[in-house]
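Trainee: After the structure tokens below, expect a handful of questions from me.
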Amino acid sequence: LLEWRAQLAEAAGQVASPLLIIGPMTLFRVIGRYREVLHLPCHFLANGYFNPHRATQHNPPLVVLQMYEQVKQRLGLRALLPFEVAHVRDAYGLCIEGEADWKLVFSGDTRPTQKLVDAGRGATLLIHEATFEDVMAAEAAAKKHSTTSDAMRMAKECGAYRSILTHFSTRYPTMPAFDMAARPDVAVAMDFMSVNLADLPWLPGIVQPLDQLFQKEQAGWEA
């Protein structure tokens, strides 16, 4: 993408301005190797910079930190913070806070973890993976994922206003079976779904109708 962007800018007689990339050092090393042979205009800010226990002598260049602040300002953000989660190496979640007093937290792939609770405390919206049904808790633990109950427990501990469960295993043709009656603050994600924060108050109300619709469709498939 960086190469294509640079080529498109060149074709238009322009010079591509550097993009800010925030990610793990593994990605930085990969991009560094490609930059030896390709023109990839970018600045890289390692996730480790946001670790409060990092070594301060390894601060990024000033131009990178300035660009990070500019990005937040342009997007109207108070915070744009990756945080470690309990999955494989270099797995991170993301916390985004808007100047308009909203907070969105994305878990990425993870087991239940206190780090997510700390990052997600008071979230307006928590988007949390729920790969497995509760009856597959052992497999979820072995593969370092969460069950639906794990995800809803994290949402409760965060005190999130609304939560969306996502990343369901492909073994479920529609959505996994779970009881939503006790959690009117939880909704489920669908492919290509987009959500306006203004719609969060009524969002969980679509879960039951969708589930009924999917059950009818699935019955039709099996007929």
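Just remember, in the structure tokens the first chain shown is A, the second B, etc., residues are 1-based per chain, and ligands are 1-based in the order shown.
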I'd like the contact shell of region 18-35 of chain A - 7 Å cut-off, only C-alpha atoms, skipping same-chain residues fewer than 4 positions apart - returned as a tab-separated table (two decimals) with N, CA, C and O atoms, in the first residue's frame.

Mentor:
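Dumped to out-v6.tsv:
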chain	number	residue	atom	x	y	z
A	39	HIS	N	10.68	2.80	-2.41
A	39	HIS	CA	10.39	4.11	-1.83
A	39	HIS	C	9.08	4.00	-1.05
A	39	HIS	O	7.99	3.93	-1.64
A	40	LEU	N	9.19	3.96	0.26
A	40	LEU	CA	8.02	3.81	1.13
A	40	LEU	C	8.00	4.95	2.14
A	40	LEU	O	8.52	4.81	3.25
A	41	PRO	N	7.42	6.09	1.78
A	41	PRO	CA	7.43	7.24	2.68
A	41	PRO	C	6.53	7.02	3.90
A	41	PRO	O	5.31	6.97	3.79
A	42	CYS	N	7.16	6.87	5.06
A	42	CYS	CA	6.39	6.66	6.29
A	42	CYS	C	7.25	6.96	7.50
A	42	CYS	O	8.48	6.99	7.42
A	43	HIS	N	6.57	7.21	8.59
A	43	HIS	CA	7.22	7.31	9.90
A	43	HIS	C	6.63	6.20	10.76
A	43	HIS	O	5.42	5.94	10.70
A	44	PHE	N	7.46	5.57	11.57
A	44	PHE	CA	7.01	4.43	12.37
A	44	PHE	C	7.09	4.77	13.86
A	44	PHE	O	8.11	5.27	14.34
A	45	LEU	N	6.01	4.47	14.56
A	45	LEU	CA	5.97	4.65	16.01
A	45	LEU	C	5.66	3.30	16.64
A	45	LEU	O	4.58	2.74	16.44
A	46	ALA	N	6.62	2.75	17.35
A	46	ALA	CA	6.47	1.41	17.92
A	46	ALA	C	5.47	1.40	19.07
A	46	ALA	O	5.42	2.34	19.88
A	47	ASN	N	4.70	0.32	19.15
A	47	ASN	CA	3.74	0.18	20.25
A	47	ASN	C	4.41	0.30	21.61
A	47	ASN	O	3.82	0.76	22.57
A	90	ASP	N	3.26	-9.90	20.07
A	90	ASP	CA	2.94	-8.73	19.25
A	90	ASP	C	1.44	-8.58	18.99
A	90	ASP	O	1.03	-8.02	17.98

Trainee: Based on DSSP run over this structure's backbone, return all residues of region 4-193 of chain A in helix (DSSP H, G or I), as a VMD selection string.

Mentor: chain A and resid 4 to 11 25 to 35 47 to 50 56 to 58 62 to 75 114 to 120 134 to 142 148 to 158

Trainee: Give one line per residue of region 48-87 of chain A that approaches region 118-139 of chain A to at most 12 Å, naming the two atoms of the closest pair and their distance in Å to one decimal, counting only C-alpha atoms; sort by chain then ascending residue number and deliver it as a Markdown table.

Mentor:
| residue | atom | partner | partner_atom | distance |
| --- | --- | --- | --- | --- |
| A:Phe50 | CA | A:Ala119 | CA | 11.9 |
| A:Ala79 | CA | A:Ala119 | CA | 11.2 |
| A:Leu80 | CA | A:Ala119 | CA | 11.2 |
| A:Leu81 | CA | A:Ala119 | CA | 8.8 |
| A:Pro82 | CA | A:Ala119 | CA | 9.1 |
| A:Phe83 | CA | A:Ala119 | CA | 7.3 |
| A:Glu84 | CA | A:Ala119 | CA | 9.6 |
| A:Val85 | CA | A:Ala119 | CA | 10.2 |
| A:His87 | CA | A:Glu129 | CA | 11.6 |

Trainee: If you run DSSP on the backbone, which residues of region 124-171 of chain A are strand (DSSP E), as a list in words?

Mentor: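 Residues meeting the strand (DSSP E) criterion: Leu125, Leu126, Ile127, His128, Glu129, Arg162, Ser163, Ile164, Leu165 and Thr166 of chain A.
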
Trainee: Take the residues that were just selected and, keeping all heavy atoms, output them as an mmCIF file, in the first residue's frame.

Mentor:
data_model
loop_
_atom_site.group_PDB
_atom_site.id
_atom_site.type_symbol
_atom_site.label_atom_id
_atom_site.label_comp_id
_atom_site.auth_asym_id
_atom_site.auth_seq_id
_atom_site.Cartn_x
_atom_site.Cartn_y
_atom_site.Cartn_z
ATOM 1 N N LEU A 125 -17.862 2.330 23.964
ATOM 2 C CA LEU A 125 -18.084 1.107 23.189
ATOM 3 C C LEU A 125 -16.863 0.209 23.299
ATOM 4 O O LEU A 125 -15.744 0.643 23.034
ATOM 5 C CB LEU A 125 -18.335 1.437 21.718
ATOM 6 C CG LEU A 125 -18.492 0.234 20.777
ATOM 7 C CD1 LEU A 125 -19.703 -0.610 21.168
ATOM 8 C CD2 LEU A 125 -18.608 0.700 19.330
ATOM 9 N N LEU A 126 -17.087 -1.036 23.695
ATOM 10 C CA LEU A 126 -16.044 -2.060 23.706
ATOM 11 C C LEU A 126 -16.360 -3.067 22.600
ATOM 12 O O LEU A 126 -17.455 -3.642 22.584
ATOM 13 C CB LEU A 126 -15.996 -2.771 25.053
ATOM 14 C CG LEU A 126 -15.111 -4.033 25.118
ATOM 15 C CD1 LEU A 126 -13.643 -3.674 24.933
ATOM 16 C CD2 LEU A 126 -15.328 -4.790 26.423
ATOM 17 N N ILE A 127 -15.427 -3.255 21.699
ATOM 18 C CA ILE A 127 -15.558 -4.277 20.656
ATOM 19 C C ILE A 127 -14.638 -5.419 21.057
ATOM 20 O O ILE A 127 -13.410 -5.260 21.079
ATOM 21 C CB ILE A 127 -15.172 -3.713 19.275
ATOM 22 C CG1 ILE A 127 -16.038 -2.503 18.935
ATOM 23 C CG2 ILE A 127 -15.323 -4.793 18.195
ATOM 24 C CD1 ILE A 127 -15.618 -1.773 17.674
ATOM 25 N N HIS A 128 -15.225 -6.558 21.394
ATOM 26 C CA HIS A 128 -14.440 -7.650 21.982
ATOM 27 C C HIS A 128 -14.666 -8.940 21.216
ATOM 28 O O HIS A 128 -15.783 -9.288 20.855
ATOM 29 C CB HIS A 128 -14.845 -7.848 23.441
ATOM 30 C CG HIS A 128 -13.834 -8.602 24.255
ATOM 31 N ND1 HIS A 128 -13.533 -9.939 24.036
ATOM 32 C CD2 HIS A 128 -13.041 -8.210 25.280
ATOM 33 C CE1 HIS A 128 -12.604 -10.324 24.899
ATOM 34 N NE2 HIS A 128 -12.295 -9.296 25.674
ATOM 35 N N GLU A 129 -13.598 -9.649 20.965
ATOM 36 C CA GLU A 129 -13.704 -10.945 20.282
ATOM 37 C C GLU A 129 -14.435 -11.954 21.161
ATOM 38 O O GLU A 129 -14.320 -11.933 22.388
ATOM 39 C CB GLU A 129 -12.313 -11.448 19.905
ATOM 40 C CG GLU A 129 -11.464 -11.939 21.059
ATOM 41 C CD GLU A 129 -11.091 -13.422 20.922
ATOM 42 O OE1 GLU A 129 -12.001 -14.265 20.946
ATOM 43 O OE2 GLU A 129 -9.890 -13.703 20.809
ATOM 44 N N ARG A 162 -21.775 0.224 26.018
ATOM 45 C CA ARG A 162 -22.226 -0.763 25.061
ATOM 46 C C ARG A 162 -21.043 -1.623 24.633
ATOM 47 O O ARG A 162 -19.896 -1.148 24.603
ATOM 48 C CB ARG A 162 -22.845 -0.113 23.816
ATOM 49 C CG ARG A 162 -24.189 0.564 24.076
ATOM 50 C CD ARG A 162 -25.274 -0.459 24.307
ATOM 51 N NE ARG A 162 -26.588 0.145 24.449
ATOM 52 C CZ ARG A 162 -27.167 0.454 25.599
ATOM 53 N NH1 ARG A 162 -26.499 0.237 26.742
ATOM 54 N NH2 ARG A 162 -28.377 0.973 25.638
ATOM 55 N N SER A 163 -21.338 -2.873 24.276
ATOM 56 C CA SER A 163 -20.300 -3.787 23.807
ATOM 57 C C SER A 163 -20.792 -4.509 22.567
ATOM 58 O O SER A 163 -21.984 -4.810 22.451
ATOM 59 C CB SER A 163 -19.939 -4.816 24.886
ATOM 60 O OG SER A 163 -19.490 -4.168 26.057
ATOM 61 N N ILE A 164 -19.870 -4.765 21.656
ATOM 62 C CA ILE A 164 -20.176 -5.533 20.456
ATOM 63 C C ILE A 164 -19.256 -6.743 20.441
ATOM 64 O O ILE A 164 -18.029 -6.599 20.519
ATOM 65 C CB ILE A 164 -19.972 -4.702 19.174
ATOM 66 C CG1 ILE A 164 -20.957 -3.525 19.142
ATOM 67 C CG2 ILE A 164 -20.160 -5.568 17.934
ATOM 68 C CD1 ILE A 164 -20.801 -2.629 17.930
ATOM 69 N N LEU A 165 -19.850 -7.931 20.344
ATOM 70 C CA LEU A 165 -19.076 -9.165 20.250
ATOM 71 C C LEU A 165 -18.782 -9.452 18.782
ATOM 72 O O LEU A 165 -19.650 -9.300 17.927
ATOM 73 C CB LEU A 165 -19.845 -10.334 20.877
ATOM 74 C CG LEU A 165 -20.354 -10.141 22.301
ATOM 75 C CD1 LEU A 165 -20.942 -11.447 22.831
ATOM 76 C CD2 LEU A 165 -19.265 -9.618 23.226
ATOM 77 N N THR A 166 -17.574 -9.903 18.504
ATOM 78 C CA THR A 166 -17.169 -10.124 17.120
ATOM 79 C C THR A 166 -16.177 -11.283 17.038
ATOM 80 O O THR A 166 -15.875 -11.928 18.039
ATOM 81 C CB THR A 166 -16.557 -8.841 16.526
ATOM 82 O OG1 THR A 166 -16.334 -9.016 15.124
ATOM 83 C CG2 THR A 166 -15.242 -8.480 17.207
#

Trainee: Given only C-alpha atoms as the basis, pick out the residue of A:Arg111, A:Ala12, A:Gly76, A:Phe192 nearest to Ile96 (chain A).

Mentor: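 Smallest distance to Ile96 (chain A) is found for A:Gly76.
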